[in-house]
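Scroll down for the structure; my scribbles are underneath it.
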Amino acid sequence: MAEVTEDMVRAALASVRTPEGVALSVSPALSGIVVTSGKVYLAVTVDAAQARAWESVRAEAENAVRAMPGVASALVALTAERKAGARPAPPPAAAPAHGHGHSHGAAKSGGIEVPGVAAIIAVASGKGGVGKSTVSINLALALRDLGLKVGLLDADIYGPSVPRIAGVHGKPEVIDGRTMLPLENFGLQLMSIGFMVEEDTPMIWRGPMVMSALTQMLREVKWGPLDVLVVDMPPGTGDAQLTMAQQVNLAGAVIVSTPQDLALIDARRGIAMFKRVNVPILGIVENMATFICPHCGGRSDIFGHGGARAEAEKEGVPFLGEIPLHMRIREMSDAGIPILVSDPDSPQAADYRAVAEKVKAALSHGGTAARPAPRIVIE
């Protein structure tokens, strides 16, 4: 079977018509095609005022590409951008508030619907390299151990790590020609762009394309029923993170930081970003709080100690706990068997459960309260 090429994809898109009746293959709205190992990604960029009319074109394009021989999967990102000087569209009407508890309705905000998910929480950091993804999966597993039904969404398009740390490398099954089924392992529902691209494939996408892909992984995945969907956010506080915080009705955010001053400065920015868009801060986790020697069991404060606790007190947000820098945590994450699975009775697993208990308590005491959806316009 011949390898799928960009020209072949364009030929398949010739049968898809835009709202103006033009073949999508020659439309200026088709702004990018990436083909790798039979997996196809393309972006369609239109004016925000036309986005609704183009949704059917996006779906038809996705179906046309998926029907091509040799195509393993296809993702079409519909990117809506407002023209300079144009008036922003009015915000969507607020959805009626629902009661708390484990209702598996749809979490909504800014037009994104997530059926089957009662609460969505973000695990975020102001910078990379603080162990956020390791905290994310172990927090999800600890919430599972507390009796909740949990999913984990890898929102880091540029550096997806959930496939490796969860030990899952398959590709999602597509039903009804559009909806993806999340992969599962360790009792968690899992979704990541990493399931659809090779590990060493760079994602050279603009910010709006990233948000469109994240939106599809939320609304076009058959999640649930879930009590909590944990979102492993991209590091930093750029456009993708801010847009995710604005468009998704987050029940709250968990901030991950190491103890040293440099990391805490960035964590402070993350806290400020979530506060600005009215997302509750569930608390701060101090990761790599102290190094545990695997030979003698001695403790060394390589990055300092207690900085995140002091920052939590300064910012007036909860402190969720400390996670040590321990070789076993790192080894098991690299092996795709998180510490909550490989060594559930270890002190390190207990540390994650202590964090999860506080997160669960925060959610049960109003963390999932409805909030107004901020308006987002991509310039």
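Going by the structure tokens order, chains are called A, B, ..., each with residues numbered from 1, while ligands are numbered from 1 in the order shown.
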
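Neighbouring residues of Thr290 of chain A at 6 Å or closer, counting only C-alpha atoms and skipping chain neighbours under 2 positions away, are Met288, Ser300, Asp301, Pro324 and Leu325 of chain A.
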
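The shell of residues at most 7 Å from Ala289 of chain A, with only C-alpha atoms counted and near chain neighbours (fewer than 4 positions) removed, consists of A:Thr258, A:Pro259, A:His305, A:Glu322, A:Ile323, A:Pro324, A:Leu325.
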
Print the selection's residues with N, CA and C atoms to a file, as a short mmCIF file (atom, residue, chain, number, x, y, z; two decimals), in the first residue's frame.
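Okay, this is what ended up in result12.cif:
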data_model
loop_
_atom_site.label_atom_id
_atom_site.label_comp_id
_atom_site.auth_asym_id
_atom_site.auth_seq_id
_atom_site.Cartn_x
_atom_site.Cartn_y
_atom_site.Cartn_z
N THR A 258 8.47 23.29 42.50
CA THR A 258 9.57 22.84 43.34
C THR A 258 9.85 23.94 44.36
N PRO A 259 10.67 23.67 45.39
CA PRO A 259 10.79 24.63 46.49
C PRO A 259 11.59 25.90 46.19
N HIS A 305 13.67 23.74 50.79
CA HIS A 305 12.53 23.02 51.36
C HIS A 305 11.56 24.01 51.98
N GLU A 322 3.70 17.70 50.34
CA GLU A 322 5.03 17.58 49.76
C GLU A 322 5.21 16.20 49.12
N ILE A 323 5.88 16.18 47.97
CA ILE A 323 6.24 14.92 47.32
C ILE A 323 7.77 14.91 47.22
N PRO A 324 8.44 13.88 47.73
CA PRO A 324 9.91 13.88 47.72
C PRO A 324 10.48 13.60 46.34
N LEU A 325 11.74 13.95 46.16
CA LEU A 325 12.51 13.55 44.98
C LEU A 325 13.08 12.18 45.28
#

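You will find atom CA of Ser25 of chain A at 5.1 Å from atom CA of Arg10 of chain A.
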
Excluding same-chain residues fewer than 4 positions from Pro347 of chain A, what lies within 12 Å of it counting only C-alpha atoms, as an mmCIF file with C-alpha atoms, in the first residue's frame?
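Saved result, out_36.cif, follows:
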data_model
loop_
_atom_site.group_PDB
_atom_site.id
_atom_site.type_symbol
_atom_site.label_atom_id
_atom_site.label_comp_id
_atom_site.auth_asym_id
_atom_site.auth_seq_id
_atom_site.Cartn_x
_atom_site.Cartn_y
_atom_site.Cartn_z
ATOM 1 C CA ILE A 292 15.725 10.659 49.625
ATOM 2 C CA GLU A 322 5.031 17.577 49.757
ATOM 3 C CA ILE A 323 6.243 14.923 47.318
ATOM 4 C CA PRO A 324 9.908 13.878 47.720
ATOM 5 C CA HIS A 326 12.780 9.776 45.062
ATOM 6 C CA ARG A 328 11.611 5.000 42.672
ATOM 7 C CA ILE A 329 9.076 7.627 41.552
ATOM 8 C CA ILE A 339 4.324 4.572 41.992
ATOM 9 C CA LEU A 340 0.623 4.281 42.985
ATOM 10 C CA ASP A 343 4.374 0.308 45.018
ATOM 11 C CA ASP A 351 2.098 11.253 50.067
ATOM 12 C CA TYR A 352 0.115 11.368 46.809
ATOM 13 C CA ARG A 353 -2.993 10.021 48.552
ATOM 14 C CA ALA A 354 -2.721 12.726 51.197
#

Once DSSP has gone over the backbone, tell me which residues of segment 120-254 of chain A are in strand (DSSP E), as a CSV table (one decimal) with C-alpha atoms, in the first residue's frame.
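Final file, part_15.csv:
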chain,number,residue,atom,x,y,z
A,120,ILE,CA,-12.7,19.0,35.6
A,121,ILE,CA,-9.5,20.0,37.5
A,122,ALA,CA,-6.3,21.4,36.0
A,123,VAL,CA,-2.8,20.4,37.2
A,124,ALA,CA,-0.6,23.3,36.2
A,150,VAL,CA,-11.3,9.3,37.0
A,151,GLY,CA,-9.9,10.3,33.6
A,152,LEU,CA,-6.7,12.0,32.6
A,153,LEU,CA,-6.4,14.3,29.6
A,154,ASP,CA,-2.9,15.2,28.4
A,174,VAL,CA,-13.2,5.9,16.5
A,175,ILE,CA,-17.0,5.3,16.6
A,179,THR,CA,-16.1,10.2,18.4
A,180,MET,CA,-13.0,8.7,19.9
A,183,LEU,CA,-7.7,4.4,26.1
A,184,GLU,CA,-7.7,2.8,29.5
A,185,ASN,CA,-5.1,1.6,32.0
A,188,LEU,CA,-8.2,5.5,34.4
A,189,GLN,CA,-9.6,6.8,31.1
A,190,LEU,CA,-6.8,8.4,29.1
A,191,MET,CA,-6.5,10.7,26.1
A,192,SER,CA,-3.4,12.4,24.6
A,228,VAL,CA,-13.2,13.9,37.9
A,229,LEU,CA,-11.3,14.6,34.7
A,230,VAL,CA,-7.7,15.6,35.6
A,231,VAL,CA,-6.1,17.8,32.9
A,232,ASP,CA,-2.3,17.7,32.7
A,252,GLY,CA,-10.3,24.2,40.2
A,253,ALA,CA,-6.5,24.2,39.6
A,254,VAL,CA,-3.7,22.4,41.4

Original post:
What residues in segment 127-342 of chain A get the DSSP label alpha helix (DSSP H)? Please answer as JSON, numbers by chain.
Top reply: {"A": [132, 133, 134, 135, 136, 137, 138, 139, 140, 141, 142, 143, 144, 145, 162, 163, 164, 165, 207, 208, 209, 210, 211, 212, 213, 214, 215, 216, 217, 218, 219, 239, 240, 241, 242, 243, 244, 245, 246, 247, 261, 262, 263, 264, 265, 266, 267, 268, 269, 270, 271, 272, 273, 274, 275, 276, 307, 308, 309, 310, 311, 312, 313, 314, 315, 327, 328, 329, 330, 331, 332, 333, 334, 339, 340, 341, 342]}

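Remark: for Gly177 of chain A, the closest of the candidate residues A:Leu75, A:Leu148, A:Met217, A:Leu250 is A:Leu75 (distances computed over only C-alpha atoms).
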
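Taking atom CA of Ala308 of chain A and atom CA of Val256 of chain A as the two end points, the separation is 8.7 Å.
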
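As for atom CA of Leu320 of chain A and atom CA of Val277 of chain A, they are spaced 21.7 Å apart.
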
Original post:
Hey, which of A:Ile165, A:Ala312, A:Ala356, A:Ala2 ends up closest to Ala335 of chain A? Count only C-alpha atoms.
Top reply: A:Ile165

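In this comparison, which uses only C-alpha atoms, the residue of A:Ala350, A:Ala140, A:Val117, A:Met196 approaching Thr36 of chain A most closely is A:Met196.
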
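For the residues A:Met332, A:Ala142, A:Val221, A:Leu24, ranking by smallest atom-to-atom distance to Glu357 of chain A using only C-alpha atoms places A:Ala142 first.
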
Non-local contacts of Glu3 of chain A (9 Å; only C-alpha atoms; under 3 positions in same chain excluded) as a PDB file with N, CA and C atoms, in the first residue's frame:
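Final output, around.pdb:
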ATOM      1  N   SER A  37       3.349   8.760   9.332  1.00  0.00           N
ATOM      2  CA  SER A  37       3.052   7.346   9.589  1.00  0.00           C
ATOM      3  C   SER A  37       1.566   7.019   9.445  1.00  0.00           C
ATOM      4  N   GLY A  38       0.937   7.549   8.409  1.00  0.00           N
ATOM      5  CA  GLY A  38      -0.470   7.259   8.179  1.00  0.00           C
ATOM      6  C   GLY A  38      -1.423   8.053   9.038  1.00  0.00           C
ATOM      7  N   GLY A  70      -4.796   3.541   3.875  1.00  0.00           N
ATOM      8  CA  GLY A  70      -3.510   3.833   4.494  1.00  0.00           C
ATOM      9  C   GLY A  70      -3.555   4.856   5.605  1.00  0.00           C
ATOM     10  N   VAL A  71      -4.730   5.477   5.831  1.00  0.00           N
ATOM     11  CA  VAL A  71      -4.850   6.468   6.905  1.00  0.00           C
ATOM     12  C   VAL A  71      -5.274   5.763   8.194  1.00  0.00           C
TER      13      VAL A  71
END
